[in-house]
$ cat input_31.txt   # compact mmCIF, C-alpha atoms and all ligand atoms
# COMPACT_ATOMS: atom_id res chain seq x y z
CA MET A 1025 -138.10 12.31 215.57
CA CYS A 1026 -138.54 12.22 211.78
CA ASN A 1027 -141.83 10.25 211.79
CA LYS A 1028 -143.40 12.57 214.33
CA VAL A 1029 -145.51 15.61 213.43
CA LEU A 1030 -143.78 18.68 214.84
CA GLY A 1031 -145.69 21.89 215.40
CA ILE A 1032 -144.75 25.27 216.78
CA GLY A 1033 -147.10 27.18 219.09
CA LEU A 1034 -146.89 30.92 219.80
CA GLU A 1035 -148.61 32.80 222.62
CA SER A 1036 -148.71 36.53 223.44
CA SER A 1037 -152.28 37.17 224.60
CA CYS A 1038 -151.37 38.94 227.83
CA ASP A 1039 -148.01 39.38 229.60
CA GLU A 1040 -146.07 36.26 228.62
CA THR A 1041 -144.35 35.82 225.28
CA ALA A 1042 -144.07 32.08 224.74
CA ALA A 1043 -143.16 29.55 222.07
CA ALA A 1044 -142.91 25.76 222.08
CA ILE A 1045 -142.27 22.86 219.75
CA VAL A 1046 -144.58 19.91 220.40
CA ALA A 1047 -144.47 16.44 218.81
CA ASP A 1048 -147.76 14.72 217.87
CA GLY A 1049 -149.67 17.20 220.03
CA ARG A 1050 -148.50 15.46 223.20
CA LYS A 1051 -144.75 15.68 223.79
CA ILE A 1052 -143.05 19.00 224.55
CA VAL A 1053 -139.77 19.03 222.61
CA SER A 1054 -138.73 22.54 223.63
CA HIS A 1055 -140.30 25.64 225.08
CA ALA A 1056 -139.51 29.20 226.09
CA ILE A 1057 -141.47 31.70 228.18
CA PHE A 1058 -140.42 35.35 228.47
CA SER A 1059 -142.37 36.82 231.39
CA GLN A 1060 -143.10 40.56 231.55
CA ILE A 1061 -143.93 40.62 235.27
CA LYS A 1062 -141.04 43.01 236.08
CA LEU A 1063 -142.29 45.53 233.48
CA HIS A 1064 -145.79 45.67 234.96
CA GLN A 1065 -144.93 45.39 238.66
CA GLU A 1066 -144.80 49.10 239.36
CA TYR A 1067 -148.34 49.50 237.93
CA PHE A 1068 -149.75 46.50 239.91
CA GLY A 1069 -151.28 45.16 236.69
CA VAL A 1070 -150.72 44.65 232.97
CA VAL A 1071 -150.35 47.86 230.92
CA PRO A 1072 -151.48 46.93 227.37
CA GLU A 1073 -149.12 49.32 225.49
CA ILE A 1074 -146.08 48.12 227.45
CA ALA A 1075 -147.13 44.51 226.94
CA SER A 1076 -147.45 44.66 223.15
CA ARG A 1077 -144.14 46.51 222.73
CA ALA A 1078 -142.34 43.98 224.92
CA HIS A 1079 -143.86 41.02 222.97
CA LEU A 1080 -142.57 42.56 219.75
CA GLU A 1081 -139.07 42.96 221.19
CA VAL A 1082 -138.69 39.32 222.29
CA ILE A 1083 -140.85 37.13 220.04
CA ASN A 1084 -138.05 36.34 217.57
CA ASP A 1085 -135.60 35.46 220.38
CA CYS A 1086 -138.27 33.31 221.94
CA ILE A 1087 -138.77 31.35 218.68
CA ASP A 1088 -134.97 31.10 218.10
CA HIS A 1089 -134.49 29.78 221.61
CA CYS A 1090 -137.05 27.02 220.99
CA MET A 1091 -135.56 26.02 217.65
CA LYS A 1092 -132.03 25.82 219.09
CA GLN A 1093 -133.15 23.89 222.16
CA ALA A 1094 -134.99 21.38 219.92
CA SER A 1095 -132.01 21.20 217.49
CA ILE A 1096 -134.31 21.19 214.49
CA SER A 1097 -134.60 23.29 211.37
CA PHE A 1098 -137.73 25.12 210.26
CA ASN A 1099 -138.33 22.70 207.38
CA THR A 1100 -139.16 19.87 209.83
CA ILE A 1101 -142.16 21.79 211.20
CA SER A 1102 -145.56 20.77 209.83
CA TYR A 1103 -147.83 23.54 211.19
CA VAL A 1104 -147.76 26.79 213.15
CA ALA A 1105 -150.39 27.66 215.77
CA ALA A 1106 -150.93 30.96 217.55
CA THR A 1107 -153.43 32.28 220.05
CA CYS A 1108 -155.80 34.64 218.23
CA ARG A 1109 -158.54 35.18 220.85
CA PRO A 1110 -159.43 36.29 223.53
CA GLY A 1111 -156.84 38.67 224.99
CA LEU A 1112 -155.29 42.11 224.64
CA VAL A 1113 -155.59 43.03 220.97
CA GLY A 1114 -152.16 44.69 220.65
CA SER A 1115 -150.54 41.72 222.37
CA LEU A 1116 -152.40 39.00 220.45
CA LEU A 1117 -151.27 40.58 217.16
CA ILE A 1118 -147.58 39.86 217.85
CA ALA A 1119 -147.82 36.06 218.05
CA LEU A 1120 -150.44 35.88 215.29
CA GLN A 1121 -148.47 38.06 212.85
CA SER A 1122 -145.30 36.04 213.55
CA ALA A 1123 -147.23 32.82 212.96
CA LYS A 1124 -148.57 34.19 209.66
CA ALA A 1125 -145.03 35.03 208.55
CA ILE A 1126 -143.82 31.50 209.41
CA SER A 1127 -146.82 29.92 207.69
CA TYR A 1128 -146.31 31.99 204.52
CA ALA A 1129 -142.54 31.54 204.38
CA LEU A 1130 -142.62 27.77 204.96
CA SER A 1131 -145.92 27.08 203.19
CA ILE A 1132 -147.27 25.26 206.22
CA PRO A 1133 -150.79 25.49 207.71
CA LEU A 1134 -151.63 28.31 210.10
CA ILE A 1135 -153.94 27.49 213.00
CA GLY A 1136 -155.53 30.28 215.05
CA VAL A 1137 -156.21 29.01 218.54
CA HIS A 1138 -158.76 29.95 221.23
CA HIS A 1139 -156.73 30.80 224.34
CA LEU A 1140 -159.15 29.19 226.78
CA GLU A 1141 -159.34 25.95 224.82
CA ALA A 1142 -155.53 25.92 224.81
CA HIS A 1143 -155.43 26.24 228.62
CA LEU A 1144 -157.81 23.29 229.00
CA TYR A 1145 -155.50 21.27 226.73
CA ALA A 1146 -152.52 21.67 229.12
CA PRO A 1147 -153.05 18.39 231.07
CA PHE A 1148 -153.13 16.44 227.76
CA LEU A 1149 -149.42 17.36 227.47
CA GLU A 1150 -148.61 15.48 230.65
CA GLY A 1151 -149.49 12.02 229.43
CA TYR A 1152 -152.91 11.67 231.04
CA GLY A 1153 -155.65 9.75 229.23
CA ILE A 1154 -158.45 12.28 229.58
CA GLU A 1155 -161.86 11.18 228.31
CA PHE A 1156 -164.59 13.38 226.86
CA PRO A 1157 -166.92 14.84 227.91
CA PHE A 1158 -165.32 16.73 230.75
CA ILE A 1159 -166.05 19.86 232.76
CA GLY A 1160 -163.35 22.49 232.40
CA LEU A 1161 -162.81 25.20 235.00
CA LEU A 1162 -160.66 28.01 233.64
CA VAL A 1163 -159.23 30.35 236.25
CA SER A 1164 -156.78 33.08 235.31
CA GLY A 1165 -156.12 36.81 235.45
CA GLY A 1166 -158.52 37.50 232.59
CA ASN A 1167 -161.07 34.69 232.85
CA THR A 1168 -163.16 32.71 235.29
CA ALA A 1169 -165.40 30.33 233.42
CA LEU A 1170 -166.87 26.86 233.47
CA TYR A 1171 -167.13 24.84 230.25
CA LEU A 1172 -168.69 21.58 229.16
CA VAL A 1173 -166.13 20.15 226.75
CA HIS A 1174 -167.53 17.54 224.32
CA ASP A 1175 -164.43 17.16 222.14
CA PHE A 1176 -161.51 19.18 220.80
CA GLY A 1177 -163.09 22.25 219.21
CA LYS A 1178 -166.52 21.49 220.68
CA PHE A 1179 -167.19 23.20 223.98
CA GLU A 1180 -170.08 25.01 225.64
CA LEU A 1181 -169.85 27.87 228.13
CA LEU A 1182 -171.75 26.93 231.29
CA GLY A 1183 -170.96 30.01 233.35
CA ASN A 1184 -168.78 33.06 233.47
CA THR A 1185 -167.82 35.81 235.85
CA ALA A 1186 -170.22 38.74 235.99
CA ASP A 1187 -167.36 41.17 236.70
CA ASP A 1188 -163.71 40.54 237.71
CA ALA A 1189 -161.82 37.32 237.05
CA VAL A 1190 -160.55 35.44 240.11
CA GLY A 1191 -156.85 36.16 239.38
CA GLU A 1192 -157.73 39.82 238.84
CA ALA A 1193 -159.37 39.88 242.30
CA PHE A 1194 -156.17 38.44 243.86
CA ASP A 1195 -154.17 41.12 242.01
CA LYS A 1196 -156.50 43.97 243.06
CA VAL A 1197 -156.62 42.93 246.72
CA ALA A 1198 -152.80 42.63 246.75
CA LYS A 1199 -152.56 46.05 245.15
CA PHE A 1200 -154.85 47.56 247.78
CA LEU A 1201 -152.72 45.98 250.53
CA SER A 1202 -149.54 47.24 248.71
CA LEU A 1203 -148.23 43.67 248.58
CA GLY A 1204 -146.93 43.59 245.00
CA TYR A 1205 -147.79 42.00 241.65
CA PRO A 1206 -148.92 39.40 240.66
CA GLY A 1207 -151.09 39.16 243.75
CA GLY A 1208 -152.02 35.45 243.58
CA PRO A 1209 -148.78 33.84 244.78
CA ILE A 1210 -148.20 36.64 247.35
CA ILE A 1211 -151.66 36.24 248.90
CA GLU A 1212 -151.30 32.45 248.87
CA THR A 1213 -148.03 32.66 250.85
CA LEU A 1214 -149.42 35.26 253.26
CA ALA A 1215 -152.59 33.20 253.88
CA GLN A 1216 -150.41 30.28 255.02
CA GLN A 1217 -149.00 32.53 257.78
CA ALA A 1218 -152.39 33.32 259.33
CA THR A 1219 -152.54 32.13 262.94
CA VAL A 1220 -156.27 32.75 263.36
CA LYS A 1221 -158.23 31.19 260.53
CA LYS A 1222 -161.75 32.58 260.58
CA GLN A 1223 -164.18 33.90 258.00
CA LEU A 1224 -164.21 37.69 257.85
CA PHE A 1225 -166.11 37.97 254.57
CA PRO A 1226 -169.45 36.65 253.32
CA LYS A 1227 -169.75 33.79 250.85
CA ILE A 1228 -169.61 34.77 247.20
CA LEU A 1229 -173.11 34.21 245.70
CA ALA A 1230 -175.77 31.90 247.05
CA ASP A 1231 -175.16 28.24 247.80
CA SER A 1232 -177.68 26.72 245.50
CA SER A 1233 -178.02 28.61 242.31
CA GLU A 1234 -179.32 27.40 238.98
CA SER A 1235 -176.57 29.28 237.20
CA TYR A 1236 -172.86 28.62 237.17
CA SER A 1237 -171.94 32.27 237.45
CA PHE A 1238 -169.10 33.80 239.44
CA SER A 1239 -168.56 37.30 240.81
CA TYR A 1240 -165.53 38.90 242.43
CA SER A 1241 -166.28 42.61 242.72
CA GLY A 1242 -168.28 42.15 245.97
CA ILE A 1243 -165.53 40.35 247.88
CA LYS A 1244 -162.97 42.89 246.69
CA THR A 1245 -165.14 45.73 248.08
CA ALA A 1246 -165.72 43.76 251.31
CA VAL A 1247 -161.94 43.44 251.83
CA ILE A 1248 -161.39 47.16 251.20
CA GLN A 1249 -164.23 48.13 253.56
CA TYR A 1250 -162.96 45.76 256.26
CA ILE A 1251 -159.49 47.32 256.14
CA HIS A 1252 -160.99 50.83 256.43
CA GLU A 1253 -162.98 49.74 259.48
CA HIS A 1254 -160.12 47.68 261.03
CA PRO A 1255 -156.89 49.51 260.18
CA ASP A 1256 -154.91 47.33 262.66
CA ALA A 1257 -156.25 44.01 261.33
CA ASP A 1258 -153.78 41.22 260.68
CA ILE A 1259 -152.99 41.18 256.94
CA ALA A 1260 -152.35 37.42 256.93
CA GLU A 1261 -155.81 36.78 258.40
CA ILE A 1262 -157.37 39.00 255.72
CA ALA A 1263 -155.42 37.16 253.01
CA TYR A 1264 -156.55 33.81 254.46
CA SER A 1265 -160.23 34.74 254.58
CA PHE A 1266 -160.21 36.38 251.14
CA GLN A 1267 -158.48 33.37 249.58
CA GLU A 1268 -160.91 30.89 251.18
CA ARG A 1269 -163.94 32.76 249.85
CA ALA A 1270 -162.39 33.40 246.42
CA LEU A 1271 -161.52 29.72 245.92
CA GLU A 1272 -164.46 28.07 247.61
CA ILE A 1273 -166.96 29.23 244.95
CA LEU A 1274 -164.77 27.74 242.20
CA ALA A 1275 -164.93 24.30 243.78
CA ARG A 1276 -168.64 24.73 244.58
CA ARG A 1277 -169.56 25.53 240.96
CA LEU A 1278 -167.32 22.77 239.59
CA PHE A 1279 -168.88 20.05 241.71
CA GLU A 1280 -172.43 21.43 241.21
CA ALA A 1281 -171.90 21.08 237.44
CA SER A 1282 -170.43 17.60 237.87
CA ARG A 1283 -173.45 16.45 239.92
CA ARG A 1284 -176.11 18.03 237.69
CA LEU A 1285 -174.60 16.99 234.37
CA LYS A 1286 -173.39 13.61 235.70
CA ILE A 1287 -169.88 14.14 234.41
CA SER A 1288 -167.05 12.86 236.58
CA THR A 1289 -163.99 14.04 234.61
CA LEU A 1290 -162.90 17.51 235.70
CA VAL A 1291 -160.07 19.66 234.32
CA ILE A 1292 -158.84 22.82 236.07
CA ALA A 1293 -156.48 25.16 234.21
CA GLY A 1294 -155.11 28.72 234.08
CA GLY A 1295 -152.74 30.71 236.32
CA VAL A 1296 -154.87 30.40 239.49
CA ALA A 1297 -154.90 26.58 239.13
CA SER A 1298 -151.34 26.60 240.52
CA ASN A 1299 -152.74 27.73 243.90
CA LYS A 1300 -152.08 24.89 246.38
CA ARG A 1301 -155.06 25.76 248.57
CA LEU A 1302 -157.37 25.50 245.51
CA ARG A 1303 -155.96 22.04 244.81
CA GLU A 1304 -156.51 21.06 248.47
CA ILE A 1305 -160.13 22.28 248.49
CA ILE A 1306 -160.87 20.41 245.27
CA PHE A 1307 -159.29 17.20 246.54
CA GLU A 1308 -161.22 17.56 249.86
CA LYS A 1309 -164.53 17.76 247.95
CA LYS A 1310 -163.67 15.03 245.44
CA LYS A 1311 -165.63 11.77 245.53
CA GLU A 1312 -163.94 8.48 244.60
CA TYR A 1313 -165.57 8.44 241.11
CA HIS A 1314 -164.14 11.85 240.15
CA LYS A 1315 -161.15 11.98 237.82
CA ILE A 1316 -159.42 15.31 238.31
CA PHE A 1317 -156.68 16.76 236.10
CA ILE A 1318 -154.74 19.90 236.99
CA PRO A 1319 -151.58 20.71 235.01
CA SER A 1320 -148.18 21.31 236.64
CA PRO A 1321 -147.71 24.99 237.60
CA ILE A 1322 -145.47 25.69 234.57
CA LEU A 1323 -148.35 24.62 232.28
CA CYS A 1324 -151.01 26.50 234.30
CA THR A 1325 -149.56 29.83 233.27
CA ASP A 1326 -149.65 31.06 229.62
CA ASN A 1327 -147.33 28.93 227.46
CA GLY A 1328 -146.70 27.97 223.85
CA ALA A 1329 -146.97 24.20 224.37
CA MET A 1330 -150.71 24.27 225.04
CA VAL A 1331 -151.14 26.31 221.83
CA ALA A 1332 -149.06 23.87 219.74
CA GLY A 1333 -150.88 20.96 221.42
CA ILE A 1334 -154.46 22.04 220.66
CA GLY A 1335 -153.22 23.25 217.25
CA TYR A 1336 -152.21 19.66 216.45
CA GLN A 1337 -155.78 18.46 217.01
CA TYR A 1338 -156.99 20.93 214.35
CA PHE A 1339 -154.04 20.08 212.09
CA LYS A 1340 -155.06 16.37 212.21
CA LYS A 1341 -158.61 17.29 211.17
CA GLY A 1342 -157.35 19.61 208.41
CA VAL A 1343 -158.97 22.66 210.03
CA PHE A 1344 -156.68 25.54 209.11
CA SER A 1345 -156.97 29.34 209.34
CA PRO A 1346 -156.60 31.70 206.37
CA LEU A 1347 -153.77 34.27 206.38
CA THR A 1348 -156.51 36.91 206.71
CA ILE A 1349 -157.51 35.68 210.18
CA ASP A 1350 -157.64 38.50 212.73
CA VAL A 1351 -157.34 38.73 216.51
CA LYS A 1352 -160.35 39.19 218.79
CA ALA A 1353 -160.43 40.72 222.27
CA ARG A 1354 -163.36 38.51 223.27
CA ALA A 1355 -163.90 34.78 222.84
O1 LIG B 1401 -153.11 32.29 233.23
P1 LIG B 1401 -152.23 33.40 233.68
O2 LIG B 1401 -150.76 33.14 233.82
O3 LIG B 1401 -152.37 34.67 232.76
C1 LIG B 1401 -153.58 35.14 232.28
O4 LIG B 1401 -154.31 35.78 233.07
O5 LIG B 1401 -153.88 34.89 231.09
O6 LIG B 1401 -152.80 33.90 235.11
C2 LIG B 1401 -152.26 34.95 235.81
C3 LIG B 1401 -153.14 35.17 237.03
C4 LIG B 1401 -152.75 36.42 237.84
O7 LIG B 1401 -153.91 37.14 238.12
C5 LIG B 1401 -152.12 35.83 239.10
O8 LIG B 1401 -152.28 36.64 240.25
C6 LIG B 1401 -152.87 34.51 239.24
O9 LIG B 1401 -153.04 34.05 237.91
N1 LIG B 1401 -152.12 33.53 240.01
C7 LIG B 1401 -152.54 33.02 241.17
C8 LIG B 1401 -151.50 32.17 241.62
N2 LIG B 1401 -150.50 32.17 240.69
C9 LIG B 1401 -150.90 33.02 239.70
N3 LIG B 1401 -153.67 33.22 241.87
C10 LIG B 1401 -153.79 32.58 243.04
N4 LIG B 1401 -152.83 31.76 243.55
C11 LIG B 1401 -151.68 31.52 242.88
N5 LIG B 1401 -150.76 30.71 243.38

$ encode --input "input_31.txt" --output "structure tokens"
Amino acid sequence: MCNKVLGIGLESSCDETAAAIVADGRKIVSHAIFSQIKLHQEYFGVVPEIASRAHLEVINDCIDHCMKQASISFNTISYVAATCRPGLVGSLLIALQSAKAISYALSIPLIGVHHLEAHLYAPFLEGYGIEFPFIGLLVSGGNTALYLVHDFGKFELLGNTADDAVGEAFDKVAKFLSLGYPGGPIIETLAQQATVKKQLFPKILADSSESYSFSYSGIKTAVIQYIHEHPDADIAEIAYSFQERALEILARRLFEASRRLKISTLVIAGGVASNKRLREIIFEKKKEYHKIFIPSPILCTDNGAMVAGIGYQYFKKGVFSPLTIDVKARA
């Protein structure tokens, strides 16, 4: 391992505290993820104050765990990367401040990483040869966005959600149905149990639109209204119809962008990318010339490996962050 460049990546932008050691930006040597789901479950969503306190309590254990699992000492690490934007400010601070301390103590470069770029890097950690340019669809609890990615560090926003993120809509619908948190996996499982599979809700946004925008507040309201009007409705059928509509627009926008921009390499990342029905819809719509990359579920969710991985690309170019770098709530 001595001729490899080892980097450590830290992540705490939302409700996962994560760290990972990655070699040459491609191979995961060790990783640890401390999930806070149990702490937020009773509130059906992430409570920022609880999240930042919990990150602070576990970040050192998380780093220790990674170091022990990798059986390396700190002086073999060449750089430290941490997510610095976008996310919950109080949460982001924990990983970034820890990274600053490591950078200062070891005199190694600090690299502040864009969370969404890190997510789109996840499939690069699984040995795929992904060529630029590609279209990146980022689907999580905080973001729903389409990007044109020219290179590492060079990406353009094509479209964004006008209101809720897709994962947030899954969480809110699950909350309204008192199903639990996080809503995505619960609704996915429930939708599979639907015996009657019909559309109860209208399509999200028009079919042919010049923009690549998304919107989830309308479907959320439609679900709530439907339940008020049909109190005896089958919950599994509601979950099925909601999920179809929520996912269908993601695939529609992705393939619209592919056709218009004539780009056949597509990357889908973020927590919602682990949804099996989303994968099915995308593979149903795929043409033979499309090359589609979706990370394994463990790399779809927030993790330190994607942060260390994209950090390596900046390390190679000598693009480092000063110790004065700050966190940002927005990208
Ligand atoms: O990327 P992520 O782990 O955290 C951030 O939001 O940054 O994504 C979490 C989101 C939650 O809203 C969760 O409900 C959703 O991803 N999610 C899913 C599934 N698994 C997680 N949504 C739909 N289907 C799933 N299987």

$ closest_residue --input "input_31.txt" --among "A:Val1070, A:Leu1170, A:Ala1105, A:Ile1096" --to "ligand LIG 1401 (chain B)" --atoms "only C-alpha atoms and all ligand atoms"
A:Val1070

$ closest_residue --input "input_31.txt" --among "A:Leu1134, A:Gly1114, A:Glu1312, A:Val1247" --to "A:Gln1223" --atoms "only C-alpha atoms"
A:Val1247

$ closest_atom_pairs --input "input_31.txt" --of "chain A" --to "ligand LIG 1401 (chain B)" --cutoff "6 Å" --atoms "only C-alpha atoms and all ligand atoms" --output "tab-separated table"
residue	atom	partner	partner_atom	distance
A:Cys1038	CA	B:LIG1401	O5	5.8
A:Ser1164	CA	B:LIG1401	O6	4.1
A:Gly1165	CA	B:LIG1401	O4	3.2
A:Gly1166	CA	B:LIG1401	O4	4.6
A:Gly1191	CA	B:LIG1401	O7	3.3
A:Glu1192	CA	B:LIG1401	O7	4.7
A:Phe1194	CA	B:LIG1401	O8	5.6
A:Asp1195	CA	B:LIG1401	O8	5.2
A:Pro1206	CA	B:LIG1401	O8	4.4
A:Gly1207	CA	B:LIG1401	O8	4.5
A:Gly1208	CA	B:LIG1401	N3	3.3
A:Pro1209	CA	B:LIG1401	N5	4.0
A:Glu1212	CA	B:LIG1401	N4	5.6
A:Gly1294	CA	B:LIG1401	O1	4.2
A:Gly1295	CA	B:LIG1401	O6	3.4
A:Val1296	CA	B:LIG1401	N3	3.9
A:Ser1298	CA	B:LIG1401	N5	5.0
A:Asn1299	CA	B:LIG1401	N5	3.6
A:Thr1325	CA	B:LIG1401	O2	3.6
A:Asp1326	CA	B:LIG1401	O2	4.8

$ atom_distance --input "input_31.txt" --atom1 "atom CA of A:Lys1092" --atom2 "atom CA of A:Ser1054"
8.7 Å

$ closest_residue --input "input_31.txt" --among "A:His1139, A:Lys1028, A:His1055, A:Arg1109" --to "A:Ile1349" --atoms "only C-alpha atoms"
A:Arg1109

$ closest_residue --input "input_31.txt" --among "A:Ala1198, A:Leu1030, A:Ala1260, A:Ile1316" --to "A:Gly1069" --atoms "all atoms listed in the file"
A:Ala1198

$ axis_aligned_box --input "input_31.txt" --around "stretch 1198-1214 of chain A" --padding-each-side "8 Å" --output "lines of an AutoDock Vina configuration file"
center_x = -150.9
center_y = 40.0
center_z = 247.0
size_x = 23.9
size_y = 31.1
size_z = 28.6

$ atom_distance --input "input_31.txt" --atom1 "atom CA of A:Gly1136" --atom2 "atom CA of A:Ile1032"
12.0 Å

$ atom_distance --input "input_31.txt" --atom1 "atom CA of A:Lys1340" --atom2 "atom CA of A:Leu1182"
27.5 Å

$ decode --input "input_31.txt" --residues "stretch 1341-1349 of chain A" --atoms "all heavy atoms" --output "PDB file, in the first residue's frame"
ATOM      1  N   LYS A1341      -4.698  17.540  -8.782  1.00  0.00           N
ATOM      2  CA  LYS A1341      -4.543  18.812  -9.513  1.00  0.00           C
ATOM      3  C   LYS A1341      -3.915  19.890  -8.643  1.00  0.00           C
ATOM      4  O   LYS A1341      -3.693  21.006  -9.095  1.00  0.00           O
ATOM      5  CB  LYS A1341      -5.918  19.314  -9.966  1.00  0.00           C
ATOM      6  CG  LYS A1341      -6.546  18.484 -11.056  1.00  0.00           C
ATOM      7  CD  LYS A1341      -7.864  19.148 -11.462  1.00  0.00           C
ATOM      8  CE  LYS A1341      -8.693  18.217 -12.308  1.00  0.00           C
ATOM      9  NZ  LYS A1341     -10.100  18.590 -12.372  1.00  0.00           N
ATOM     10  N   GLY A1342      -3.699  19.593  -7.362  1.00  0.00           N
ATOM     11  CA  GLY A1342      -3.123  20.590  -6.446  1.00  0.00           C
ATOM     12  C   GLY A1342      -4.116  21.671  -6.054  1.00  0.00           C
ATOM     13  O   GLY A1342      -3.722  22.799  -5.723  1.00  0.00           O
ATOM     14  N   VAL A1343      -5.410  21.350  -6.123  1.00  0.00           N
ATOM     15  CA  VAL A1343      -6.431  22.342  -5.741  1.00  0.00           C
ATOM     16  C   VAL A1343      -6.813  22.084  -4.283  1.00  0.00           C
ATOM     17  O   VAL A1343      -7.537  21.130  -3.980  1.00  0.00           O
ATOM     18  CB  VAL A1343      -7.677  22.234  -6.656  1.00  0.00           C
ATOM     19  CG1 VAL A1343      -8.747  23.239  -6.234  1.00  0.00           C
ATOM     20  CG2 VAL A1343      -7.296  22.418  -8.112  1.00  0.00           C
ATOM     21  N   PHE A1344      -6.296  22.905  -3.397  1.00  0.00           N
ATOM     22  CA  PHE A1344      -6.522  22.708  -1.958  1.00  0.00           C
ATOM     23  C   PHE A1344      -7.364  23.857  -1.388  1.00  0.00           C
ATOM     24  O   PHE A1344      -7.463  24.922  -1.986  1.00  0.00           O
ATOM     25  CB  PHE A1344      -5.185  22.646  -1.199  1.00  0.00           C
ATOM     26  CG  PHE A1344      -4.201  21.657  -1.771  1.00  0.00           C
ATOM     27  CD1 PHE A1344      -2.823  21.923  -1.749  1.00  0.00           C
ATOM     28  CD2 PHE A1344      -4.638  20.463  -2.336  1.00  0.00           C
ATOM     29  CE1 PHE A1344      -1.922  21.012  -2.276  1.00  0.00           C
ATOM     30  CE2 PHE A1344      -3.735  19.548  -2.870  1.00  0.00           C
ATOM     31  CZ  PHE A1344      -2.374  19.832  -2.849  1.00  0.00           C
ATOM     32  N   SER A1345      -7.917  23.634  -0.198  1.00  0.00           N
ATOM     33  CA  SER A1345      -8.716  24.676   0.463  1.00  0.00           C
ATOM     34  C   SER A1345      -7.906  25.276   1.607  1.00  0.00           C
ATOM     35  O   SER A1345      -7.165  24.556   2.283  1.00  0.00           O
ATOM     36  CB  SER A1345      -9.997  24.081   1.045  1.00  0.00           C
ATOM     37  OG  SER A1345     -10.694  23.362   0.069  1.00  0.00           O
ATOM     38  N   PRO A1346      -8.082  26.584   1.851  1.00  0.00           N
ATOM     39  CA  PRO A1346      -7.386  27.189   2.992  1.00  0.00           C
ATOM     40  C   PRO A1346      -8.056  26.760   4.301  1.00  0.00           C
ATOM     41  O   PRO A1346      -9.226  26.353   4.291  1.00  0.00           O
ATOM     42  CB  PRO A1346      -7.591  28.686   2.763  1.00  0.00           C
ATOM     43  CG  PRO A1346      -8.853  28.776   1.972  1.00  0.00           C
ATOM     44  CD  PRO A1346      -8.925  27.536   1.135  1.00  0.00           C
ATOM     45  N   LEU A1347      -7.337  26.902   5.424  1.00  0.00           N
ATOM     46  CA  LEU A1347      -7.928  26.545   6.725  1.00  0.00           C
ATOM     47  C   LEU A1347      -9.078  27.479   7.099  1.00  0.00           C
ATOM     48  O   LEU A1347      -9.835  27.191   8.015  1.00  0.00           O
ATOM     49  CB  LEU A1347      -6.863  26.568   7.817  1.00  0.00           C
ATOM     50  CG  LEU A1347      -5.922  25.346   7.839  1.00  0.00           C
ATOM     51  CD1 LEU A1347      -4.809  25.550   8.847  1.00  0.00           C
ATOM     52  CD2 LEU A1347      -6.664  24.054   8.123  1.00  0.00           C
ATOM     53  N   THR A1348      -9.197  28.592   6.365  1.00  0.00           N
ATOM     54  CA  THR A1348     -10.282  29.541   6.651  1.00  0.00           C
ATOM     55  C   THR A1348     -11.578  29.185   5.912  1.00  0.00           C
ATOM     56  O   THR A1348     -12.581  29.884   6.062  1.00  0.00           O
ATOM     57  CB  THR A1348      -9.859  30.960   6.225  1.00  0.00           C
ATOM     58  OG1 THR A1348      -9.394  30.875   4.874  1.00  0.00           O
ATOM     59  CG2 THR A1348      -8.807  31.536   7.133  1.00  0.00           C
ATOM     60  N   ILE A1349     -11.559  28.128   5.137  1.00  0.00           N
ATOM     61  CA  ILE A1349     -12.771  27.751   4.379  1.00  0.00           C
ATOM     62  C   ILE A1349     -13.944  27.555   5.346  1.00  0.00           C
ATOM     63  O   ILE A1349     -13.771  27.058   6.461  1.00  0.00           O
ATOM     64  CB  ILE A1349     -12.536  26.465   3.528  1.00  0.00           C
ATOM     65  CG1 ILE A1349     -13.765  26.171   2.659  1.00  0.00           C
ATOM     66  CG2 ILE A1349     -12.207  25.272   4.407  1.00  0.00           C
ATOM     67  CD1 ILE A1349     -13.591  24.957   1.758  1.00  0.00           C
TER      68      ILE A1349
END
